Amino acid sequence: MKRKSTLGVTALSAVLALGLSACGGGGTPAASQSGSAAPEGGGAKAEFNAALTQVFNPSDKKGGILKFANSGDWDSLDPADTYYGYSWDFIRLYGRSLVMFKPAPGKESSELVPDLAESLGTPSDDAKTWTYKLREGVKFEDGTPITSKDVKYGVLRSLDKEVFPDGYTYFNDTLDLPKDYKGPYKSKGVNTDSAIETPDDRTIVFHLKQPYSGFDYFAQLPATIPVPEAKDTGAKYQEHIISSGPYKFDKNEIGKGFNLVRNESWDPATDPNRKALPDGYEVTVNVNADDIDNRLLSGDLHVDIAGTGAQPATLGRVLTDPALKAGTDNPTITRLWYTSVNGNVAPLDNLDCRKAVQYAADKVAYQTAYGGEFSGGQIATSLLPPGIPGHKDINPYPSGADGHGDVAKAKEHLTACGQPNGFETNIAYRAERPKEKAAAEALQQSLGKVGIKLTLKPFPQADYFALYAGKPGYAKDNKLGLVVNGWGADWPDGYGFLQQIVDSRVIRETGGSSNISVRIPEVDKLLDQASLETDTAKREAIWGQIDQMVMDNAFVLPGLWAKSLLIRGKGVTNVYYSDAFGMYDYLNMGLQ
Amino acid sequence: MVTYIIRRLIWAVAMLAIVSMITFGIFFLVPRLAGATSESLAARYVGRTAGAEQIKVAAERLGFNDPLIVQYGRFAKGIVAGAEYDYGPASEHCPAPCLGYSFITQLPVWPDLIGRLPVTFSLALGAAVIWLITGVATGVLSALRRGSVFDRAAMTVALAGVSLPIFFTGIVSLVVFSYGRPLAITAPGGTYTPFFANPALWAYGMILPWITLAFLYAAGYARLTRSGMLETMNEDYIRTARAKGLPERVVVTKHGLRGALTPIVTIFGLDVGLLMGGAVLTESTFSLPGIGKYAIDAITNQDLPKVIGVTLLTAFFVVLANLVVDLLYAVVDPRVRLA
Amino acid sequence: MSFLELKDLRIHFPTDDGLVKSVDGLSFQLERGRTLGIVGESGSGKSVTSLGILGLHKGGRARISGEIWLDDEELVSASADHVRTLRGKKMAMIFQDPLSAMHPYYTVGAQIIEAYRIHNKVSKAVARKHAIDMLGRVGIPQPERRVDSYPHEFSGGMRQRAMIAMALSCDPELLIADEPTTALDVTVQAQILDLMRDLQQEFNSALIIITHDLGVVAELADDILVMYGGKCIEYGTATDIFERPEHPYTWGLLGSMPRLDRDRGDRLIPIKGTPPSLINVPPGCAFHPRCVYEDRTGGAARTDVPELLETEGGHLVRCHLSPEERRVIWENEIKPNLESV
């Protein structure tokens, strides 16, 4: 039922994400090449994957109401308290952060462009101080001019994690804040100039504890959307947000939905990025997911905002009907479905035993478990998805000629590890996820062919990482040798993708980490090295190196790189897939 | 009579207290017994990559570090006396009955529930009217034409009605009657218009949920009415009514149906009471923002204050319905005396 | 033609087990102001007869033949709707158990008012006044208060009075009382019977009393019809039946009759055997399996159905025994026995 984009941006993902725009090493998803180049200004034809790399149905026609629906609900509409990818995509309609991802199709979307600021940030020589200058003439919805103090206040309030528990801690971790500063509510009147200065109404200066050359990625976070202190109501601000973007809230019923109408105080002259085509937006939340798909197909609805793609029931129908299929896009997203191979559980402490698992695994069955090629994804041969810079096509453990596993090789490695007849271990999965159950069963079957006997161990999803599979002591005591897992990042960045799942230092004895099996000191070192590397090409090479190293140690059995099937709403203009958000870009859509 | 009602109300309060304790226990005690810590519980209510510090802050904010009895006491006190809530720049008083604040949206639960009642009321009452009329009418006709083609057909449909789940009939009806099909007679799911905003649009959006929900219940009522009518039509007083020279129509409605109505009134009261607590499946299928949908969303998100709130509300309506049915019983059947 | 006349009335019910001949060739006549008692055990067809006269079998499964003439109108062939308009107005019925025969959810007054207003276009207020009058006339104290009571708030006797009030509310010319006193205790029985006699005289209606109890008809009836197995087996004036009964079954009934003048604790003499099945009626005389004198008929009772024959002055008997034999048995064997106890 719940279909939130849980692809949270990982804590430090942005820290080193420099120069995402470079077309480094990433293999283009095969599907995107099928979108035929359309004539100048004509956009793409209505065909499968037409909106992957170019603008589908381009137009500057204004008017109409765009209807969005969400099968779940926002974590919060408050810029200080939201951490969902779709929310960051959508929030730009009612809020302007200092900089933003470029509203453009495909890889171009990973570029940063100035939004509220006149230009990208100006760093000091040591990259510890970043200065932004606000555009002239920007106003809140009530007509008050937006000043640098409003931006500062927006950032400061987001630091209060008691009031805004859903957000990120980038600013808490990097700004040079006074000791024990707890945000403007609890630390009233404390001078925060050591962290953020506002020498005049248009200038804002950030002071960091450490040098950081990728601060512009912070400046695109919703926390830099200005909030007028006089109108701030803390946890209740989500009900009455003061817009700085082209649309403002009209009716807002948390848990049901809201309407956006034109913000007359927004001046297009101050905003080169937004077209602001429709007259308004109508957003309904907590809508039945199958209902959303059907309404998208019938034209009652324009956008499924969660952006995670069609439901299984819809997939079959859409993919078998050429007319319907032509109205969809099938991007490979930056998500890996995989199985952790836990070296803490004997005999998987032996590299050859782990390799035997790699060879024996039936990758086609794994893919089928997740719904096949279009709805599941493409078979993964390493960790890094093709869309992430640094990805290299490697395949250290070819899964036989047909992808159903290489029994001979597997047996060879079993013998090498001293278990010629196989061994017994457990495989954990999330009980509420039928696809993970199917994957576990597929592995149980294919590994069984070489004598590796798996026992299925379902666990409740809510405590999967906190209490069971993600708690090293529990996993070891209960012999969870294999753990069905998955990971994704919100935008294509090697650090953000890899760090949380390969850095051994994120593993906590108390549980809760997504990294269950990768404990390689060299990998930790490479991660640190990459974080100091300012050269884009060199840094991306390190991602590839890490990928290779984890694969060589066989701690991760990659399953597939996920794809989603996005349905283009009927009559919607300017539809295109944004790599940055992993879904359609919601900024400049309009109606025919 | 008054003492009877007072005694029942006291019992109802005790009942609600027990319900709240059980719900509280399920969501707080059971995970703890399974080894959950304050932090692992709090980890559900923070952003995905929250660090240990952030989780600790959340655990503190949600009061998970206090003993369970203190947590429950705080909750109970909120209902009786209201509570203070710090929302950042200032704190506010949440007047009794304060069902607490959502762990996720941090907004008070009580106004949410009240705000959703009209949807659930609309759904439940509209459907109730439909199923009562169609179910009882079908049952009466079936009983009077026992063994006829109509009777057999009606009872077959009724069997289907009680057997088919809402999410099946609901989706089928949506596919047939919505989504821009030629037979589209209704708005797509999720379009609820308040009655006072526009009665026509209200009915337009509700018609399909009404029919779908009513179908399920009408089936049961048809069967119940039919058997009740078959029984009463054999009563001596029906013969008397005929002997008086009453037209058959009057005999059936005024005398027969009146006699068969008592069990129907009972079931009807309880059904409607239960539905006031949310028609979970119907509201989910048609994306109606009512109490039932609220309950489902709350459970999915493990938003405990919402779950307890909705449980208490449902329990309240069931208890109330029981009371109303008992009182109604005395009205319907003059032989019943409340004691 | 008499006010009420039945000619060869047959009411048969087809069932899965066969044809139930509840009433099989019944004829009698009744004048205004006269009272006929129909006597028989349960299943003898007496209640089916009364419902048949009211036309309550119409539209059901019953197969009805013969003729029912009421005030020169034939009812068997009349439309159901027409008979309905007569019901309650021209002919009315008092049922056996007033607790179950009155609707438990309506007040007594409402039920009388309803009956009255079907046949009389009057306002509710007028009908209510009439109901109160009627309740008063049947001897219910404080009728203006009791009119709003529910049946369960009445005692058994009061309930039966209310039932009578309801039946009489439209001045029926034919009143049928089906076991009117069975559910009542003895002293109340007598009161109700007195009431009925008074009312009948007052209204000058024709009255049929249906009972299994000869004691009841002894109080009221001018004529008595004894039914057995759906047929009339003896018919005569009350004097005929009580002084000169000729059918062995009637003798049996008299022997089993509880009488107010007898001492309590006297043994009643039950008729041996059980009433006949109406599906497989015994061949010959339906009563022969239970008849003590069956062997005196030379076997005729087992094979031939006896005719209903007149012995003297309108006294009809259906029996193979000769009138002389019957007289001898009555005088020598039955009568002394009845009187000795």
# chains A, B, ... in the order shown; residues from 1 in each chain; ligands from 1
$ residues_around --residues "Thr85 of chain C" --least-positions-apart "4" --cutoff "9 Å" --atoms "only C-alpha atoms" --output "ChimeraX atom specification"
/B:245-247 /C:80-81,89-90,118-119
$ write_last_selection --atoms "N, CA and C atoms" --output "PDB file, in the first residue's frame"
ATOM      1  N   GLY B 245     -59.856  -8.462   7.433  1.00  0.00           N
ATOM      2  CA  GLY B 245     -60.147  -7.941   6.107  1.00  0.00           C
ATOM      3  C   GLY B 245     -59.120  -6.946   5.617  1.00  0.00           C
ATOM      4  N   LEU B 246     -57.946  -6.947   6.226  1.00  0.00           N
ATOM      5  CA  LEU B 246     -56.903  -6.022   5.762  1.00  0.00           C
ATOM      6  C   LEU B 246     -56.420  -6.433   4.388  1.00  0.00           C
ATOM      7  N   PRO B 247     -56.135  -5.474   3.518  1.00  0.00           N
ATOM      8  CA  PRO B 247     -55.527  -5.810   2.230  1.00  0.00           C
ATOM      9  C   PRO B 247     -54.175  -6.482   2.475  1.00  0.00           C
TER      10      PRO B 247
ATOM     11  N   ALA C  80     -61.094 -13.185  -4.504  1.00  0.00           N
ATOM     12  CA  ALA C  80     -60.445 -13.078  -3.198  1.00  0.00           C
ATOM     13  C   ALA C  80     -60.637 -11.681  -2.637  1.00  0.00           C
ATOM     14  N   ASP C  81     -60.567 -10.707  -3.534  1.00  0.00           N
ATOM     15  CA  ASP C  81     -60.642  -9.327  -3.060  1.00  0.00           C
ATOM     16  C   ASP C  81     -62.042  -8.999  -2.542  1.00  0.00           C
ATOM     17  N   LYS C  89     -66.168  -7.392   8.268  1.00  0.00           N
ATOM     18  CA  LYS C  89     -67.379  -6.586   8.277  1.00  0.00           C
ATOM     19  C   LYS C  89     -68.617  -7.465   8.375  1.00  0.00           C
ATOM     20  N   LYS C  90     -68.794  -8.344   7.385  1.00  0.00           N
ATOM     21  CA  LYS C  90     -69.979  -9.188   7.367  1.00  0.00           C
ATOM     22  C   LYS C  90     -69.752 -10.432   8.221  1.00  0.00           C
ATOM     23  N   ILE C 118     -60.894  -0.029   8.295  1.00  0.00           N
ATOM     24  CA  ILE C 118     -60.830  -0.646   6.968  1.00  0.00           C
ATOM     25  C   ILE C 118     -62.201  -0.587   6.323  1.00  0.00           C
ATOM     26  N   HIS C 119     -63.202  -0.837   7.171  1.00  0.00           N
ATOM     27  CA  HIS C 119     -64.544  -0.991   6.616  1.00  0.00           C
ATOM     28  C   HIS C 119     -65.414   0.239   6.791  1.00  0.00           C
TER      29      HIS C 119
END
$ residues_around --residues "segment 535-552 of chain A" --least-positions-apart "2" --cutoff "10 Å" --atoms "only C-alpha atoms" --output "MDAnalysis selection string"
chainID A and resid 16:20 22:26 351 355 358 381:384 388:397 493:495 497:499 502 518:520 522:527 529:533 554:558
$ write_last_selection --atoms "N, CA and C atoms" --output "compact mmCIF listing (two decimals), in the first residue's frame"
# COMPACT_ATOMS: atom_id res chain seq x y z
N LEU A 16 30.52 15.02 -1.05
CA LEU A 16 31.59 14.94 -2.04
C LEU A 16 31.08 14.86 -3.46
N ALA A 17 29.79 15.11 -3.58
CA ALA A 17 29.21 14.92 -4.91
C ALA A 17 29.52 16.11 -5.79
N LEU A 18 30.71 16.17 -6.24
CA LEU A 18 31.11 17.28 -7.10
C LEU A 18 30.93 16.90 -8.55
N GLY A 19 30.52 17.86 -9.30
CA GLY A 19 30.50 17.68 -10.74
C GLY A 19 29.71 16.49 -11.20
N LEU A 20 28.52 16.36 -10.70
CA LEU A 20 27.69 15.25 -11.14
C LEU A 20 27.37 15.34 -12.62
N ALA A 22 29.16 15.86 -15.10
CA ALA A 22 30.08 15.25 -16.05
C ALA A 22 29.55 13.91 -16.51
N CYS A 23 29.69 13.69 -17.81
CA CYS A 23 29.17 12.44 -18.36
C CYS A 23 30.16 11.34 -18.08
N GLY A 24 30.57 11.22 -16.86
CA GLY A 24 31.59 10.24 -16.54
C GLY A 24 31.06 8.84 -16.59
N GLY A 25 31.80 8.03 -17.22
CA GLY A 25 31.75 6.59 -17.24
C GLY A 25 30.39 5.88 -17.21
N GLY A 26 29.32 6.56 -16.95
CA GLY A 26 28.05 5.86 -16.77
C GLY A 26 27.53 5.27 -18.06
N LEU A 351 36.11 -17.17 1.70
CA LEU A 351 35.87 -16.50 0.43
C LEU A 351 35.33 -17.46 -0.63
N LYS A 355 32.05 -17.26 -2.88
CA LYS A 355 32.06 -17.28 -4.34
C LYS A 355 31.13 -18.37 -4.89
N GLN A 358 27.88 -16.94 -5.20
CA GLN A 358 27.80 -16.04 -6.35
C GLN A 358 27.56 -16.82 -7.65
N THR A 381 25.44 -7.11 -12.31
CA THR A 381 26.63 -7.93 -12.20
C THR A 381 27.62 -7.33 -11.21
N SER A 382 27.29 -6.14 -10.70
CA SER A 382 28.08 -5.53 -9.64
C SER A 382 27.16 -4.59 -8.88
N LEU A 383 27.75 -3.77 -7.99
CA LEU A 383 26.90 -2.94 -7.15
C LEU A 383 26.40 -1.68 -7.86
N LEU A 384 27.32 -0.93 -8.42
CA LEU A 384 26.98 0.40 -8.94
C LEU A 384 26.03 0.32 -10.13
N ILE A 388 25.05 5.63 -12.47
CA ILE A 388 25.91 6.35 -11.53
C ILE A 388 27.31 6.49 -12.10
N PRO A 389 27.82 7.70 -12.13
CA PRO A 389 29.17 7.91 -12.64
C PRO A 389 30.17 7.03 -11.89
N GLY A 390 31.04 6.41 -12.64
CA GLY A 390 31.99 5.50 -12.01
C GLY A 390 31.64 4.06 -12.28
N HIS A 391 30.41 3.85 -12.77
CA HIS A 391 30.00 2.48 -13.07
C HIS A 391 30.86 1.90 -14.19
N LYS A 392 31.32 0.68 -14.00
CA LYS A 392 32.02 -0.03 -15.07
C LYS A 392 31.30 -1.35 -15.30
N ASP A 393 31.30 -1.77 -16.53
CA ASP A 393 30.66 -3.06 -16.80
C ASP A 393 31.60 -4.17 -16.39
N ILE A 394 31.41 -4.68 -15.20
CA ILE A 394 32.21 -5.82 -14.77
C ILE A 394 31.27 -6.97 -14.45
N ASN A 395 31.78 -8.17 -14.58
CA ASN A 395 30.97 -9.35 -14.27
C ASN A 395 31.88 -10.43 -13.73
N PRO A 396 32.28 -10.29 -12.45
CA PRO A 396 33.28 -11.21 -11.91
C PRO A 396 32.77 -12.65 -11.78
N TYR A 397 31.46 -12.82 -11.66
CA TYR A 397 30.96 -14.18 -11.48
C TYR A 397 29.87 -14.47 -12.50
N ASP A 493 25.00 9.46 -7.59
CA ASP A 493 26.26 9.85 -7.00
C ASP A 493 26.88 8.64 -6.33
N GLY A 494 28.12 8.36 -6.66
CA GLY A 494 28.80 7.17 -6.16
C GLY A 494 28.89 7.12 -4.65
N TYR A 495 29.24 8.25 -4.04
CA TYR A 495 29.41 8.24 -2.60
C TYR A 495 28.07 7.96 -1.91
N PHE A 497 25.58 6.53 -3.03
CA PHE A 497 25.09 5.18 -3.25
C PHE A 497 25.85 4.16 -2.42
N LEU A 498 27.18 4.31 -2.42
CA LEU A 498 28.00 3.24 -1.84
C LEU A 498 28.20 3.33 -0.33
N GLN A 499 28.37 4.56 0.17
CA GLN A 499 28.88 4.69 1.52
C GLN A 499 28.06 3.92 2.56
N VAL A 502 28.69 -0.04 2.01
CA VAL A 502 29.99 -0.74 1.97
C VAL A 502 30.96 -0.26 3.04
N VAL A 518 29.55 -6.02 4.48
CA VAL A 518 30.81 -5.57 3.89
C VAL A 518 31.72 -4.97 4.97
N ARG A 519 32.78 -5.70 5.28
CA ARG A 519 33.75 -5.22 6.27
C ARG A 519 35.13 -5.38 5.64
N ILE A 520 35.52 -4.38 4.82
CA ILE A 520 36.81 -4.45 4.12
C ILE A 520 37.58 -3.17 4.42
N GLU A 522 40.22 -1.90 3.30
CA GLU A 522 40.68 -1.16 2.12
C GLU A 522 39.55 -0.32 1.54
N VAL A 523 38.36 -0.85 1.60
CA VAL A 523 37.21 -0.11 1.08
C VAL A 523 36.99 1.16 1.90
N ASP A 524 37.08 1.01 3.24
CA ASP A 524 36.93 2.17 4.10
C ASP A 524 37.96 3.24 3.73
N LYS A 525 39.18 2.77 3.50
CA LYS A 525 40.26 3.70 3.14
C LYS A 525 39.96 4.39 1.82
N LEU A 526 39.48 3.63 0.85
CA LEU A 526 39.17 4.21 -0.45
C LEU A 526 38.07 5.27 -0.34
N LEU A 527 37.09 4.99 0.53
CA LEU A 527 36.02 5.96 0.72
C LEU A 527 36.58 7.27 1.26
N GLN A 529 39.60 8.32 0.99
CA GLN A 529 40.44 8.89 -0.06
C GLN A 529 39.57 9.65 -1.07
N ALA A 530 38.46 9.04 -1.42
CA ALA A 530 37.58 9.70 -2.39
C ALA A 530 37.02 10.99 -1.84
N SER A 531 36.77 11.02 -0.54
CA SER A 531 36.17 12.23 0.02
C SER A 531 37.14 13.40 0.02
N LEU A 532 38.41 13.10 -0.13
CA LEU A 532 39.40 14.17 -0.20
C LEU A 532 39.77 14.50 -1.65
N GLU A 533 39.33 13.65 -2.54
CA GLU A 533 39.71 13.82 -3.95
C GLU A 533 38.84 14.87 -4.62
N ALA A 554 33.19 -10.84 -2.59
CA ALA A 554 31.92 -11.58 -2.66
C ALA A 554 31.03 -11.41 -1.43
N PHE A 555 31.05 -10.21 -0.85
CA PHE A 555 30.16 -9.95 0.29
C PHE A 555 28.75 -9.52 -0.15
N VAL A 556 28.64 -9.18 -1.41
CA VAL A 556 27.34 -8.76 -1.91
C VAL A 556 27.02 -9.58 -3.15
N LEU A 557 25.82 -10.18 -3.13
CA LEU A 557 25.34 -10.88 -4.32
C LEU A 557 24.37 -9.94 -5.02
N PRO A 558 24.82 -9.28 -6.10
CA PRO A 558 23.92 -8.32 -6.75
C PRO A 558 22.79 -9.04 -7.46
$ atom_distance --atom1 "atom CA of Leu175 of chain C" --atom2 "atom CA of Leu36 of chain C"
10.4 Å
$ closest_residue --among "C:Leu253, C:Leu309, C:Ile38, C:Ala92" --to "Arg239 of chain B" --atoms "only C-alpha atoms"
C:Ala92
$ interface_residues --of "chain C" --to "chain B" --cutoff "8 Å" --atoms "only C-alpha atoms" --output "ChimeraX atom specification"
/C:54,56,84-89,92-93,95,100-105,115,118,150,152,167
$ write_last_selection --atoms "N, CA and C atoms" --output "tab-separated table (two decimals), in the first residue's frame"
chain	number	residue	atom	x	y	z
C	54	LEU	N	-64.29	-17.91	5.82
C	54	LEU	CA	-63.76	-16.56	5.75
C	54	LEU	C	-62.98	-16.30	4.47
C	56	LEU	N	-59.99	-17.48	3.81
C	56	LEU	CA	-58.57	-17.30	4.08
C	56	LEU	C	-57.70	-18.36	3.41
C	84	ARG	N	-62.47	-10.47	0.77
C	84	ARG	CA	-61.75	-9.68	1.76
C	84	ARG	C	-62.60	-8.54	2.30
C	85	THR	N	-63.39	-7.90	1.41
C	85	THR	CA	-64.20	-6.78	1.87
C	85	THR	C	-65.32	-7.24	2.82
C	86	LEU	N	-65.70	-8.52	2.68
C	86	LEU	CA	-66.73	-9.05	3.59
C	86	LEU	C	-66.13	-9.40	4.94
C	87	ARG	N	-64.84	-9.78	4.88
C	87	ARG	CA	-64.16	-10.26	6.08
C	87	ARG	C	-64.01	-9.11	7.07
C	88	GLY	N	-64.33	-9.40	8.29
C	88	GLY	CA	-64.21	-8.34	9.30
C	88	GLY	C	-65.47	-7.50	9.38
C	89	LYS	N	-66.17	-7.39	8.27
C	89	LYS	CA	-67.38	-6.59	8.28
C	89	LYS	C	-68.62	-7.47	8.38
C	92	ALA	N	-66.83	-12.21	10.97
C	92	ALA	CA	-65.63	-11.96	11.75
C	92	ALA	C	-65.30	-13.19	12.57
C	93	MET	N	-64.07	-13.19	13.08
C	93	MET	CA	-63.62	-14.40	13.75
C	93	MET	C	-62.91	-14.05	15.06
C	95	PHE	N	-60.25	-15.69	17.68
C	95	PHE	CA	-59.29	-16.79	17.65
C	95	PHE	C	-59.02	-17.35	19.02
C	100	SER	N	-51.25	-14.77	21.13
C	100	SER	CA	-50.53	-14.89	19.87
C	100	SER	C	-51.35	-14.36	18.71
C	101	ALA	N	-52.66	-14.26	18.89
C	101	ALA	CA	-53.50	-13.81	17.79
C	101	ALA	C	-53.56	-12.30	17.68
C	102	MET	N	-53.10	-11.60	18.73
C	102	MET	CA	-53.05	-10.15	18.62
C	102	MET	C	-51.61	-9.73	18.40
C	103	HIS	N	-51.41	-8.68	17.62
C	103	HIS	CA	-50.05	-8.27	17.30
C	103	HIS	C	-49.38	-7.70	18.55
C	104	PRO	N	-48.25	-8.25	18.93
C	104	PRO	CA	-47.63	-7.82	20.20
C	104	PRO	C	-47.12	-6.38	20.17
C	105	TYR	N	-46.90	-5.82	18.97
C	105	TYR	CA	-46.26	-4.51	18.89
C	105	TYR	C	-47.26	-3.35	18.78
C	115	ALA	N	-59.11	-2.36	12.48
C	115	ALA	CA	-60.18	-3.21	11.96
C	115	ALA	C	-61.40	-2.37	11.57
C	118	ILE	N	-60.89	-0.03	8.30
C	118	ILE	CA	-60.83	-0.65	6.97
C	118	ILE	C	-62.20	-0.59	6.32
C	150	TYR	N	-50.95	-2.52	25.63
C	150	TYR	CA	-50.54	-3.57	24.69
C	150	TYR	C	-51.13	-4.90	25.15
C	152	HIS	N	-49.89	-7.67	25.87
C	152	HIS	CA	-49.24	-8.40	26.95
C	152	HIS	C	-49.53	-7.77	28.30
C	167	ALA	N	-63.45	-8.23	17.01
C	167	ALA	CA	-64.24	-8.97	16.02
C	167	ALA	C	-65.60	-8.31	15.82
$ select_by_dssp --residues "segment 78-159 of chain A" --states "helix (DSSP H, G or I)" --output "count of residues only"
23
$ residues_around --residues "segment 27-35 of chain C" --least-positions-apart "2" --cutoff "7 Å" --atoms "only C-alpha atoms" --output "list of chain:residue names"
C:Ser2, C:Phe3, C:Leu4, C:Glu5, C:Leu6, C:Lys7, C:Asp8, C:Leu9, C:Gly25, C:Gly37, C:Gln200, C:Gln201, C:Asn204, C:Ser205, C:Ala206, C:Leu207, C:Ile208, C:Leu220, C:Ala221, C:Asp222, C:Asp223
$ closest_atom_pairs --of "chain A" --to "chain B" --cutoff "8 Å" --atoms "only C-alpha atoms" --output "CSV"
residue,atom,partner,partner_atom,distance
A:Lys2,CA,B:Thr300,CA,7.2
A:Thr6,CA,B:Arg48,CA,7.6
A:Gly8,CA,B:Arg48,CA,5.9
A:Val9,CA,B:Thr49,CA,7.7
A:Thr10,CA,B:Thr49,CA,5.9
A:Ala11,CA,B:Thr49,CA,5.8
A:Gly72,CA,B:Asp297,CA,8.0
A:Asp75,CA,B:Thr105,CA,7.0
A:Ser76,CA,B:Thr105,CA,6.7
A:Tyr83,CA,B:Gly47,CA,6.5
A:Lys161,CA,B:Gln54,CA,6.3
A:Glu162,CA,B:Val57,CA,5.9
A:Val163,CA,B:Gly88,CA,6.0
A:Pro165,CA,B:Val46,CA,4.9
A:Asp166,CA,B:Gly47,CA,3.9
A:Gly167,CA,B:Gly47,CA,5.6
A:Tyr168,CA,B:Ala50,CA,6.8
A:Thr169,CA,B:Ala50,CA,7.5
A:Tyr185,CA,B:Pro89,CA,5.1
A:Lys186,CA,B:Gly88,CA,7.9
A:Asp232,CA,B:Pro89,CA,7.6
A:Thr233,CA,B:Pro89,CA,6.2
A:Gly234,CA,B:Gly88,CA,4.6
A:Ala235,CA,B:Tyr87,CA,5.1
A:Lys236,CA,B:Tyr87,CA,6.8
A:Lys256,CA,B:Pro289,CA,6.1
A:Thr284,CA,B:Gly190,CA,7.4
A:Asn286,CA,B:Ser287,CA,6.8
A:Val287,CA,B:Ser287,CA,4.7
A:Asn288,CA,B:Ser287,CA,5.4
A:Asp291,CA,B:Gly189,CA,6.7
A:Asn294,CA,B:Tyr179,CA,6.7
A:Arg295,CA,B:Tyr179,CA,5.8
A:Ser298,CA,B:Tyr179,CA,5.3
A:Gly299,CA,B:Tyr179,CA,7.7
A:Asp300,CA,B:Tyr179,CA,6.8
A:Ala462,CA,B:Arg44,CA,7.4
A:Asp463,CA,B:Ser40,CA,7.7
A:Ala466,CA,B:Ser40,CA,5.8
A:Leu467,CA,B:Ala36,CA,6.9
A:Gly512,CA,B:Ser40,CA,7.8
$ atom_distance --atom1 "atom CA of Ala440 of chain A" --atom2 "atom CA of Gly376 of chain A"
15.1 Å
$ atom_distance --atom1 "atom CA of Gly316 of chain A" --atom2 "atom CA of Val484 of chain A"
25.1 Å
$ select_by_dssp --residues "segment 19-217 of chain C" --states "strand (DSSP E or B)" --output "number ranges by chain"
C: 19-30, 35-39, 63-70, 73-74, 87, 91-94, 174-178, 206-211
$ write_last_selection --atoms "C-alpha atoms" --output "mmCIF file, in the first residue's frame"
data_model
loop_
_atom_site.group_PDB
_atom_site.id
_atom_site.type_symbol
_atom_site.label_atom_id
_atom_site.label_comp_id
_atom_site.auth_asym_id
_atom_site.auth_seq_id
_atom_site.Cartn_x
_atom_site.Cartn_y
_atom_site.Cartn_z
ATOM 1 C CA LEU C 19 -53.488 -35.044 -0.638
ATOM 2 C CA VAL C 20 -54.696 -33.904 2.773
ATOM 3 C CA LYS C 21 -58.473 -33.936 2.771
ATOM 4 C CA SER C 22 -59.057 -31.575 5.678
ATOM 5 C CA VAL C 23 -62.686 -30.973 4.829
ATOM 6 C CA ASP C 24 -64.364 -33.558 2.689
ATOM 7 C CA GLY C 25 -67.968 -32.914 1.712
ATOM 8 C CA LEU C 26 -69.355 -30.771 4.477
ATOM 9 C CA SER C 27 -72.854 -29.281 4.313
ATOM 10 C CA PHE C 28 -74.892 -27.358 6.872
ATOM 11 C CA GLN C 29 -77.113 -24.341 7.268
ATOM 12 C CA LEU C 30 -77.268 -21.583 9.821
ATOM 13 C CA THR C 35 -75.652 -20.639 17.246
ATOM 14 C CA LEU C 36 -73.989 -23.646 15.734
ATOM 15 C CA GLY C 37 -71.370 -25.595 17.614
ATOM 16 C CA ILE C 38 -68.865 -27.513 15.554
ATOM 17 C CA VAL C 39 -67.209 -30.142 17.692
ATOM 18 C CA ARG C 63 -58.073 -26.828 -3.507
ATOM 19 C CA ILE C 64 -61.562 -25.762 -2.646
ATOM 20 C CA SER C 65 -64.785 -27.033 -4.122
ATOM 21 C CA GLY C 66 -68.442 -26.962 -3.193
ATOM 22 C CA GLU C 67 -70.451 -23.889 -2.300
ATOM 23 C CA ILE C 68 -70.573 -21.437 0.543
ATOM 24 C CA TRP C 69 -73.604 -19.181 0.488
ATOM 25 C CA LEU C 70 -73.594 -16.217 2.782
ATOM 26 C CA GLU C 73 -73.825 -14.707 -2.126
ATOM 27 C CA GLU C 74 -71.623 -17.591 -3.198
ATOM 28 C CA ARG C 87 -64.157 -10.258 6.077
ATOM 29 C CA MET C 91 -68.199 -12.075 9.013
ATOM 30 C CA ALA C 92 -65.630 -11.959 11.745
ATOM 31 C CA MET C 93 -63.622 -14.400 13.755
ATOM 32 C CA ILE C 94 -62.462 -14.775 17.310
ATOM 33 C CA LEU C 174 -71.667 -14.003 11.087
ATOM 34 C CA LEU C 175 -69.287 -14.521 13.970
ATOM 35 C CA ILE C 176 -67.020 -17.530 14.150
ATOM 36 C CA ALA C 177 -65.338 -18.272 17.452
ATOM 37 C CA ASP C 178 -62.528 -20.793 17.229
ATOM 38 C CA ALA C 206 -75.245 -15.972 13.441
ATOM 39 C CA LEU C 207 -72.590 -17.596 15.639
ATOM 40 C CA ILE C 208 -70.420 -20.598 14.977
ATOM 41 C CA ILE C 209 -68.507 -21.933 17.934
ATOM 42 C CA ILE C 210 -65.702 -24.274 17.109
ATOM 43 C CA THR C 211 -64.441 -26.391 19.948
#
